[in-house]
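What's in work09.cif: mmCIF, C-alpha atoms
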data_input
#
loop_
_atom_site.label_atom_id
_atom_site.label_comp_id
_atom_site.auth_asym_id
_atom_site.auth_seq_id
_atom_site.Cartn_x
_atom_site.Cartn_y
_atom_site.Cartn_z
CA MET A 1 173.00 123.49 81.95
CA ASP A 2 170.26 125.41 83.56
CA PHE A 3 171.52 126.17 87.00
CA LYS A 4 168.02 126.43 88.45
CA ARG A 5 167.08 123.01 87.13
CA PHE A 6 170.23 121.46 88.44
CA PHE A 7 169.64 122.97 91.84
CA ASN A 8 166.10 121.68 91.91
CA ASP A 9 167.19 118.17 90.95
CA PHE A 10 169.86 118.25 93.59
CA ARG A 11 167.30 119.33 96.17
CA LEU A 12 164.99 116.50 95.15
CA PHE A 13 167.91 114.07 95.28
CA LEU A 14 168.76 115.10 98.83
CA LYS A 15 165.13 114.94 99.88
CA GLY A 16 164.73 111.49 98.38
CA ALA A 17 167.98 110.22 99.80
CA LEU A 18 167.65 111.62 103.29
CA VAL A 19 164.21 112.97 104.26
CA ASP A 20 161.93 110.48 102.49
CA THR A 21 163.76 107.39 103.62
CA SER A 22 163.87 108.56 107.19
CA THR A 23 160.17 109.50 107.30
CA GLU A 24 159.45 106.13 105.72
CA VAL A 25 161.36 104.36 108.46
CA ILE A 26 159.67 106.42 111.14
CA GLY A 27 156.32 105.86 109.44
CA ALA A 28 156.84 102.10 109.50
CA ALA A 29 157.74 102.31 113.18
CA ALA A 30 154.58 104.34 113.84
CA ASN A 31 152.44 101.73 112.08
CA MET A 32 154.03 98.98 114.09
CA MET A 33 153.33 100.83 117.35
CA GLN A 34 149.73 101.30 116.35
CA ASP A 35 149.45 97.58 115.54
CA ASN A 36 150.90 96.70 118.93
CA PHE A 37 148.54 99.04 120.72
CA MET A 38 145.63 97.42 118.93
CA ILE A 39 146.80 93.97 119.98
CA VAL A 40 146.49 95.00 123.62
CA ILE A 41 143.03 96.53 123.33
CA PHE A 42 141.41 94.25 120.72
CA SER A 43 143.18 90.98 121.52
CA ASP A 44 139.90 89.09 121.75
CA PHE A 45 139.36 89.61 118.01
CA LEU A 46 142.43 87.47 117.56
CA GLY A 47 141.22 84.86 120.01
CA ILE A 48 143.25 86.07 122.97
CA PRO A 49 140.89 86.68 125.88
CA ASN A 50 140.76 90.24 127.19
CA PRO A 51 138.95 90.56 130.53
CA LEU A 52 138.23 94.22 129.82
CA SER A 53 137.03 93.89 126.25
CA TYR A 54 133.65 95.29 127.31
CA TYR A 55 135.44 98.56 128.05
CA THR A 56 137.85 98.58 125.13
CA ILE A 57 135.09 98.38 122.50
CA GLU A 58 134.57 102.05 123.29
CA LEU A 59 137.77 102.61 121.31
CA ILE A 60 136.61 100.80 118.18
CA PRO A 61 135.25 103.91 116.42
CA TYR A 62 138.73 105.46 116.38
CA PHE A 63 140.43 102.37 114.98
CA GLY A 64 137.61 101.13 112.79
CA ASN A 65 139.19 102.20 109.50
CA ASP A 66 142.23 100.09 110.19
CA LEU A 67 140.58 97.20 112.00
CA ASP A 68 140.16 94.97 108.97
CA GLY A 69 143.68 95.52 107.71
CA TRP A 70 145.06 95.02 111.18
CA GLU A 71 143.24 91.72 111.63
CA LYS A 72 144.62 90.54 108.27
CA ARG A 73 148.14 91.61 109.13
CA MET A 74 147.94 89.90 112.50
CA SER A 75 146.64 86.62 111.14
CA ASP A 76 148.88 86.49 108.07
CA ARG A 77 151.98 84.74 109.25
CA LYS A 78 153.81 85.30 105.99
CA SER A 79 153.55 89.03 106.34
CA VAL A 80 154.65 88.86 109.96
CA LEU A 81 157.74 86.92 108.88
CA ALA A 82 158.41 89.26 105.99
CA LYS A 83 158.12 92.20 108.33
CA ALA A 84 160.54 90.70 110.80
CA MET A 85 163.01 89.98 108.00
CA GLY A 86 162.62 93.46 106.66
CA GLU A 87 163.50 94.82 110.05
CA MET A 88 166.40 92.55 110.84
CA GLY A 89 167.75 91.80 107.39
CA GLU A 90 167.53 88.37 105.78
CA PRO A 91 169.72 85.68 107.28
CA MET B 1 128.30 101.49 169.16
CA THR B 2 124.67 101.73 168.07
CA SER B 3 123.60 100.38 164.71
CA GLU B 4 122.98 103.89 163.53
CA GLU B 5 126.56 104.82 164.36
CA PHE B 6 127.80 101.62 162.77
CA PHE B 7 125.97 102.46 159.53
CA ASP B 8 127.54 105.91 159.45
CA ARG B 9 129.13 105.38 156.03
CA LYS B 10 128.28 106.83 152.70
CA PHE B 11 128.17 103.54 150.81
CA ILE B 12 126.75 100.33 152.23
CA PHE B 13 127.06 97.10 150.25
CA LEU B 14 125.39 93.79 150.95
CA SER B 15 126.82 90.57 149.59
CA GLY B 16 125.60 87.04 149.77
CA LYS B 17 124.20 84.16 147.76
CA GLY B 18 120.85 84.54 146.03
CA GLY B 19 117.87 83.91 148.29
CA VAL B 20 119.52 84.62 151.64
CA GLY B 21 117.64 87.90 151.95
CA LYS B 22 119.83 90.71 150.64
CA THR B 23 116.83 92.66 149.38
CA THR B 24 114.93 92.32 152.65
CA THR B 25 117.95 93.36 154.67
CA SER B 26 118.98 96.28 152.47
CA SER B 27 115.40 97.56 152.35
CA SER B 28 115.20 97.41 156.14
CA ILE B 29 118.51 99.20 156.62
CA ALA B 30 117.53 101.90 154.12
CA LEU B 31 114.13 102.38 155.77
CA GLY B 32 115.72 102.67 159.22
CA LEU B 33 118.31 105.19 158.04
CA GLY B 34 115.62 107.31 156.41
CA GLU B 35 113.51 107.24 159.57
CA ARG B 36 116.49 108.46 161.54
CA GLY B 37 116.91 111.51 159.37
CA HIS B 38 119.54 110.36 156.85
CA LYS B 39 118.61 110.99 153.25
CA THR B 40 119.03 107.51 151.79
CA LEU B 41 119.02 106.03 148.32
CA LEU B 42 118.31 102.31 148.04
CA ILE B 43 119.78 100.83 144.87
CA SER B 44 118.71 97.49 143.51
CA THR B 45 120.40 95.84 140.59
CA ASP B 46 118.41 92.67 140.95
CA PRO B 47 116.83 91.83 137.59
CA SER B 48 113.60 90.68 139.25
CA HIS B 49 113.00 94.19 140.64
CA SER B 50 112.31 92.92 144.09
CA ILE B 51 112.47 96.20 146.00
CA GLY B 52 109.39 97.32 144.11
CA HIS B 53 107.55 94.25 145.35
CA MET B 54 109.01 94.71 148.81
CA PHE B 55 107.69 98.25 149.19
CA GLU B 56 104.60 97.51 147.08
CA LYS B 57 105.43 100.43 144.84
CA ASN B 58 106.36 100.96 141.25
CA ILE B 59 109.96 102.07 141.42
CA GLY B 60 111.67 101.78 138.05
CA SER B 61 114.92 103.06 136.65
CA THR B 62 114.79 106.63 137.93
CA GLU B 63 115.28 107.70 141.53
CA LYS B 64 111.91 107.83 143.25
CA GLU B 65 110.84 109.02 146.68
CA ILE B 66 109.19 106.13 148.52
CA GLY B 67 109.20 107.23 152.12
CA LYS B 68 110.56 109.58 154.71
CA ASN B 69 114.09 110.53 153.55
CA LEU B 70 113.93 107.39 151.49
CA PHE B 71 114.52 107.11 147.77
CA ALA B 72 114.89 104.03 145.63
CA ILE B 73 116.00 103.03 142.16
CA GLU B 74 115.93 99.75 140.26
CA VAL B 75 118.73 99.60 137.74
CA ASP B 76 118.53 97.17 134.88
CA VAL B 77 122.12 96.12 134.25
CA ARG B 78 121.42 94.53 130.88
CA ARG B 79 119.60 97.60 129.65
CA GLU B 80 122.41 99.88 130.79
CA SER B 81 124.92 97.75 128.95
CA LYS B 82 122.72 97.79 125.84
CA ARG B 83 122.66 101.58 126.04
CA TYR B 84 126.44 101.73 126.37
CA ILE B 85 126.91 99.55 123.29
CA ASP B 86 124.36 101.54 121.29
CA ASN B 87 126.33 104.68 122.10
CA VAL B 88 129.52 103.09 120.81
CA VAL B 89 127.75 102.22 117.55
CA LYS B 90 126.38 105.77 117.34
CA GLU B 91 129.83 107.25 117.85
CA ALA B 92 131.20 104.85 115.22
CA ARG B 93 128.57 106.08 112.75
CA GLN B 94 129.84 109.60 113.20
CA VAL B 95 133.48 108.88 112.50
CA LEU B 96 133.44 105.88 110.15
CA SER B 97 132.07 105.18 106.70
CA PRO B 98 128.90 103.07 106.40
CA VAL B 99 130.80 100.25 104.69
CA ILE B 100 133.11 99.88 107.65
CA ILE B 101 130.24 100.16 110.12
CA ASP B 102 128.63 97.15 108.48
CA GLU B 103 131.79 95.18 109.03
CA ILE B 104 132.38 96.05 112.64
CA GLN B 105 128.89 96.47 114.05
CA ASP B 106 128.69 92.75 114.82
CA GLN B 107 131.98 92.92 116.63
CA ILE B 108 130.79 95.82 118.76
CA GLU B 109 127.53 94.10 119.57
CA LEU B 110 129.37 90.92 120.46
CA ALA B 111 130.80 92.80 123.44
CA TYR B 112 127.33 92.62 124.96
CA HIS B 113 127.92 88.90 125.41
CA SER B 114 131.62 89.06 126.18
CA PRO B 115 132.79 87.42 129.40
CA GLY B 116 132.61 89.80 132.31
CA ALA B 117 130.29 92.23 130.48
CA ASP B 118 127.58 92.12 133.16
CA GLU B 119 130.07 92.63 135.95
CA LEU B 120 131.75 95.57 134.27
CA ALA B 121 128.37 97.10 133.41
CA LEU B 122 127.38 96.82 137.08
CA PHE B 123 130.64 98.48 138.02
CA ASP B 124 129.84 101.36 135.65
CA ILE B 125 126.48 101.80 137.39
CA ILE B 126 128.04 101.82 140.85
CA SER B 127 130.70 104.30 139.67
CA LYS B 128 127.96 106.68 138.58
CA PHE B 129 126.68 106.82 142.16
CA PHE B 130 130.22 107.28 143.44
CA ALA B 131 130.49 110.33 141.21
CA GLU B 132 127.41 111.99 142.72
CA GLU B 133 127.92 111.14 146.36
CA GLU B 134 126.83 114.55 147.60
CA LYS B 135 123.24 113.89 146.51
CA TYR B 136 122.46 111.58 149.43
CA ASP B 137 123.71 110.91 152.96
CA ARG B 138 123.62 107.16 152.47
CA PHE B 139 123.66 104.82 149.50
CA VAL B 140 122.51 101.28 150.23
CA PHE B 141 123.22 98.69 147.52
CA ASP B 142 121.43 95.35 147.57
CA THR B 143 124.33 93.82 145.63
CA ALA B 144 128.04 94.34 145.89
CA PRO B 145 130.31 94.23 142.87
CA SER B 146 131.33 90.64 142.21
CA GLY B 147 134.41 89.27 143.90
CA TYR B 148 136.08 89.31 140.51
CA THR B 149 135.46 93.04 139.97
CA LEU B 150 136.55 93.89 143.49
CA ARG B 151 139.78 92.00 143.07
CA LEU B 152 140.43 93.72 139.78
CA LEU B 153 139.89 97.12 141.36
CA ALA B 154 141.54 96.56 144.67
CA LEU B 155 144.76 95.16 143.32
CA PRO B 156 146.54 98.25 142.04
CA LYS B 157 148.93 96.24 139.95
CA ALA B 158 146.22 94.63 137.87
CA LEU B 159 144.33 97.58 136.52
CA ASN B 160 146.50 100.63 137.14
CA ASN B 161 149.53 99.25 135.41
CA TRP B 162 147.45 98.09 132.49
CA ILE B 163 145.81 101.43 131.88
CA ASN B 164 148.97 103.45 132.55
CA ARG B 165 150.91 101.40 130.07
CA LEU B 166 148.15 101.80 127.49
CA ILE B 167 148.24 105.58 127.91
CA LYS B 168 152.01 105.65 127.60
CA THR B 169 151.98 103.44 124.52
CA ARG B 170 149.35 105.61 122.88
CA ILE B 171 151.31 108.81 123.51
CA ASN B 172 154.50 107.25 122.18
CA ALA B 173 152.73 106.01 119.07
CA MET B 174 151.32 109.48 118.50
CA LYS B 175 154.75 111.05 118.87
CA VAL B 176 156.32 108.73 116.33
CA GLN B 177 153.36 109.20 114.01
CA TYR B 178 153.86 112.94 114.33
CA TYR B 179 157.53 112.77 113.35
CA ALA B 180 156.58 110.67 110.36
CA THR B 181 154.14 113.30 109.11
CA ARG B 182 155.83 115.83 106.86
CA ASN B 183 153.49 118.80 107.28
CA PRO B 184 151.43 118.21 110.43
CA GLU B 185 148.28 120.34 110.74
CA LYS B 186 148.42 120.52 114.51
CA LYS B 187 151.13 120.70 117.09
CA LEU B 188 151.91 117.47 118.92
CA LYS B 189 150.71 118.88 122.24
CA GLU B 190 147.35 119.83 120.79
CA LYS B 191 147.04 116.45 119.10
CA ILE B 192 147.61 114.65 122.38
CA ALA B 193 145.16 116.93 124.20
CA ASP B 194 142.46 116.36 121.56
CA ASP B 195 142.93 112.62 121.11
CA PRO B 196 139.61 110.83 121.74
CA VAL B 197 141.42 107.57 122.54
CA LEU B 198 143.44 109.19 125.31
CA LYS B 199 140.32 110.92 126.59
CA ILE B 200 138.58 107.56 126.98
CA LEU B 201 141.61 105.93 128.58
CA ASN B 202 142.01 108.80 131.05
CA LYS B 203 138.30 108.69 131.88
CA ARG B 204 138.58 104.98 132.71
CA LYS B 205 141.73 105.58 134.71
CA ALA B 206 139.97 108.21 136.84
CA GLN B 207 136.98 105.90 137.28
CA PHE B 208 139.16 103.00 138.48
CA GLU B 209 141.19 105.18 140.84
CA ASN B 210 138.15 106.85 142.35
CA ALA B 211 136.37 103.54 142.90
CA ARG B 212 139.41 101.99 144.46
CA GLU B 213 139.79 104.90 146.85
CA ILE B 214 136.15 104.67 147.94
CA LEU B 215 135.99 100.88 148.23
CA LEU B 216 139.08 100.70 150.40
CA ASN B 217 138.09 103.63 152.62
CA LYS B 218 136.50 102.21 155.76
CA ASN B 219 135.20 105.59 156.87
CA LYS B 220 133.20 105.80 153.71
CA THR B 221 132.27 102.28 152.75
CA LEU B 222 130.80 99.32 154.58
CA PHE B 223 130.68 95.75 153.28
CA MET B 224 128.41 93.21 154.92
CA PHE B 225 127.53 89.61 154.24
CA VAL B 226 124.06 88.17 154.53
CA LEU B 227 123.75 84.46 155.30
CA ASN B 228 121.36 81.94 156.76
CA PRO B 229 122.16 79.70 159.73
CA GLU B 230 122.97 76.63 157.65
CA ARG B 231 126.13 74.72 156.90
CA LEU B 232 126.61 75.57 153.22
CA PRO B 233 126.05 79.34 153.50
CA ILE B 234 128.59 79.46 156.32
CA GLU B 235 131.17 77.73 154.15
CA ILE B 236 130.49 79.98 151.18
CA THR B 237 130.73 83.05 153.41
CA ARG B 238 134.03 81.87 154.85
CA ASP B 239 135.52 81.44 151.36
CA SER B 240 134.18 84.72 150.02
CA ILE B 241 135.42 86.71 153.01
CA LYS B 242 138.84 85.16 152.76
CA GLU B 243 139.02 85.95 149.07
CA LEU B 244 137.93 89.56 149.51
CA GLU B 245 140.13 90.28 152.45
CA GLU B 246 143.15 89.23 150.44
CA THR B 247 142.42 92.36 148.42
CA HIS B 248 142.18 94.50 151.58
CA ILE B 249 138.42 94.88 151.42
CA LYS B 250 137.09 94.27 154.93
CA ILE B 251 133.77 92.58 155.58
CA GLU B 252 132.81 94.29 158.81
CA ALA B 253 129.52 92.65 159.64
CA LEU B 254 127.50 89.52 159.09
CA ILE B 255 123.75 89.42 159.01
CA ILE B 256 122.27 86.07 159.96
CA ASN B 257 118.87 86.12 158.36
CA LYS B 258 115.83 83.86 158.71
CA ILE B 259 116.51 82.49 162.17
CA ALA B 260 113.53 80.30 162.94
CA SER B 261 114.15 80.33 166.72
CA ASP B 262 111.86 78.09 168.78
CA VAL B 263 109.31 77.17 166.21
CA SER B 264 111.60 75.17 164.00
CA ILE B 265 112.36 71.49 164.39
CA ARG B 266 115.84 72.50 163.29
CA SER B 267 116.23 75.12 165.96
CA LYS B 268 118.79 73.14 167.95
CA LYS B 269 121.10 72.74 164.98
CA GLU B 270 120.44 76.36 164.11
CA LYS B 271 121.61 77.55 167.49
CA GLU B 272 124.84 75.62 167.03
CA TYR B 273 125.41 77.29 163.68
CA ILE B 274 124.78 80.73 165.16
CA VAL B 275 127.31 80.07 167.90
CA GLN B 276 129.74 78.85 165.27
CA ILE B 277 129.24 81.99 163.16
CA GLU B 278 129.70 84.27 166.17
CA LYS B 279 132.86 82.49 167.16
CA GLU B 280 134.39 82.04 163.75
CA PHE B 281 133.73 85.52 162.37
CA ALA B 282 134.56 87.50 165.51
CA PRO B 283 135.27 90.36 166.03
CA ARG B 284 132.92 91.30 163.21
CA ARG B 285 129.54 92.68 164.14
CA ILE B 286 126.77 90.09 163.89
CA PHE B 287 123.14 91.00 163.29
CA LYS B 288 120.54 88.35 164.00
CA LEU B 289 117.24 88.56 162.18
CA PRO B 290 114.29 86.25 162.73
CA LEU B 291 112.29 84.37 160.17
CA LEU B 292 108.96 86.18 160.24
CA GLU B 293 105.76 84.20 160.27
CA GLU B 294 104.63 85.97 157.14
CA GLU B 295 106.82 86.50 154.09
CA VAL B 296 108.63 89.84 154.27
CA HIS B 297 106.53 91.98 152.02
CA GLY B 298 105.09 95.42 152.47
CA LEU B 299 106.11 98.28 154.67
CA GLU B 300 104.93 96.73 157.91
CA SER B 301 107.18 93.70 157.80
CA ILE B 302 110.18 95.70 156.54
CA LYS B 303 109.64 98.00 159.52
CA LYS B 304 109.68 94.99 161.87
CA ILE B 305 113.07 93.84 160.55
CA SER B 306 114.36 97.40 160.49
CA ASP B 307 113.49 97.91 164.16
CA ILE B 308 115.40 94.77 165.08
CA ILE B 309 118.46 95.92 163.13
CA PHE B 310 118.46 99.38 164.72
CA GLU B 311 117.48 98.23 168.19
CA GLU B 312 121.09 97.51 169.19
#
Please re-express this file's structure in structure tokens.
Amino acid sequence: MDFKRFFNDFRLFLKGALVDTSTEVIGAAANMMQDNFMIVIFSDFLGIPNPLSYYTIELIPYFGNDLDGWEKRMSDRKSVLAKAMGEMGEP
Amino acid sequence: MTSEEFFDRKFIFLSGKGGVGKTTTSSSIALGLGERGHKTLLISTDPSHSIGHMFEKNIGSTEKEIGKNLFAIEVDVRRESKRYIDNVVKEARQVLSPVIIDEIQDQIELAYHSPGADELALFDIISKFFAEEEKYDRFVFDTAPSGYTLRLLALPKALNNWINRLIKTRINAMKVQYYATRNPEKKLKEKIADDPVLKILNKRKAQFENAREILLNKNKTLFMFVLNPERLPIEITRDSIKELEETHIKIEALIINKIASDVSIRSKKEKEYIVQIEKEFAPRRIFKLPLLEEEVHGLESIKKISDIIFEE
């Protein structure tokens, strides 16, 4: 067996098993934090009154790309449940 | 203490219900301060642009010299808030694709009608003058921020905690996002320093803190209430003062305006109300202004009122 190829496969295996999964987990956490942040500043889009929404619209340009997806995620109860289960493990 | 000494504050705010004479009174105070050598800016946020009528001059939305040491400006709150929202849309056009702009433009423009928008826009306008306080000796506002805005600002827990937590959450989210990125282009520190969201949040934080410091500083800021010698205005004044003083903003003087004195058939009742005001709101300073025979309009009648205010 080609030693070089074996080494490369082994490297990819380690990366897949360790690095990718951990960045994926951290990535999911980062997305969740962003979603939470958006809830606080854009809550009125979800029907929760925000007395400072006149000021927080200044932030829309920097979240605009994700706004639509975020609103869908927030209003889709199934995905909220699925997310919670994914985090905690199914009962 | 003379009136001139009493008005020795950078920022003077007049509160009171519509029609009691805030514009008359603030114009008279501003005129008197100017005459006594203090460079004064009179700021009206009244949509009917009444200081222009009062001084019989075209004033408009830029600072204009209208007398000795006297400058005036009429700020249109709705127009300022329109401008703010247009800027947000402009900024959005620079960073977002046209398709997304179409989707969110309505949501941005909806903020123009959001609850509290007018009050927060007015607060932005007032903050702008706070930021350039060295330009004048005195700033006289014919409207104070609403009770709601003042409460929001004066209660440190309400706004400070909110904005501090937002900043912290944003930084944390950026950190985690950074660790999740395999080959980041920039260092985390640079990313945080360049983040437009944090820049906006920090700008608001500084604005809130600065305003709070000025509004609660009695050496710098004076709040007064204008009322008429009638039952209902007294009751409204009592409630408003109580509400404001819960937030540590002191109303230091009351201006009883439109006292009809001997000519009125109501003068007896009026006298009773004046005594009641003096007793109930002591030890606050009370200014008593007469109802002029002619409507207060034009320099001559403003000067009359001004002389009465500064006579003490």
Task: Expected answer as an MDAnalysis selection string: chain B residues within 8 Å of chain A, all atoms listed in the file - done: chainID B and resid 88:89 91:93 95:96 100:101 104 108 111:112 114:117 120 166 169:170 173:174 176:177 179:182 196:197 200
- [ ] Would you mind reading off the distance between atom CA of Arg83 of chain B and atom CA of Phe129 of chain B, one decimal, in Å?
- [x] 17.4 Å
TODO: Return the single residue from B:Glu252, B:Lys189, B:Lys57, B:Asp194 that is closest to Leu14 of chain B, with distances computed using only C-alpha atoms.
DONE: B:Glu252
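For the atom pair formed by atom CA of Ala30 of chain B and atom CA of Ile249 of chain B, the distance is 22.2 Å, given to one decimal.
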TODO: Run the PyMOL selection byres ((chain B and resi 59) around 10) mentally over the shown coordinates, then write out the matched residues as number ranges by chain, using the chain letters and numbers from the document.
DONE: B: 49-53, 55-58, 60-66, 71-75
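Atom CA of Leu216 of chain B lies 14.8 Å from atom CA of Glu243 of chain B.
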Open item on the list: Could you check which residues have any atom within 12 Å of (114.7, 87.6, 150.4), counting all atoms listed in the file with coordinates taken straight from the file, and then list them as a ChimeraX atom specification?
Closed with: /B:16-28,46,48-51,53-54,142,226-228,257-258,291-292,295-297,302
Taking C-alpha atoms for each residue, export the selection above as a tab-separated table (two decimals), in the coordinates of the input.
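And here is the file that came out, selection-v1.tsv:
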chain	number	residue	atom	x	y	z
B	16	GLY	CA	125.60	87.04	149.77
B	17	LYS	CA	124.20	84.16	147.76
B	18	GLY	CA	120.85	84.54	146.03
B	19	GLY	CA	117.87	83.91	148.29
B	20	VAL	CA	119.52	84.62	151.64
B	21	GLY	CA	117.64	87.90	151.95
B	22	LYS	CA	119.83	90.71	150.64
B	23	THR	CA	116.83	92.66	149.38
B	24	THR	CA	114.93	92.32	152.65
B	25	THR	CA	117.95	93.36	154.67
B	26	SER	CA	118.98	96.28	152.47
B	27	SER	CA	115.40	97.56	152.35
B	28	SER	CA	115.20	97.41	156.14
B	46	ASP	CA	118.41	92.67	140.95
B	48	SER	CA	113.60	90.68	139.25
B	49	HIS	CA	113.00	94.19	140.64
B	50	SER	CA	112.31	92.92	144.09
B	51	ILE	CA	112.47	96.20	146.00
B	53	HIS	CA	107.55	94.25	145.35
B	54	MET	CA	109.01	94.71	148.81
B	142	ASP	CA	121.43	95.35	147.57
B	226	VAL	CA	124.06	88.17	154.53
B	227	LEU	CA	123.75	84.46	155.30
B	228	ASN	CA	121.36	81.94	156.76
B	257	ASN	CA	118.87	86.12	158.36
B	258	LYS	CA	115.83	83.86	158.71
B	291	LEU	CA	112.29	84.37	160.17
B	292	LEU	CA	108.96	86.18	160.24
B	295	GLU	CA	106.82	86.50	154.09
B	296	VAL	CA	108.63	89.84	154.27
B	297	HIS	CA	106.53	91.98	152.02
B	302	ILE	CA	110.18	95.70	156.54
- [ ] Go through B:Thr45, B:Asn87, B:Ser15, B:Ser301 and flag the residue nearest Ser240 of chain B, using all atoms listed in the file for the distances.
- [x] B:Ser15
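Take the candidates B:Ala131, B:Met1, B:Met224, B:Leu244 and check each one against Phe208 of chain B using only C-alpha atoms; the shortest distance goes to B:Ala131.
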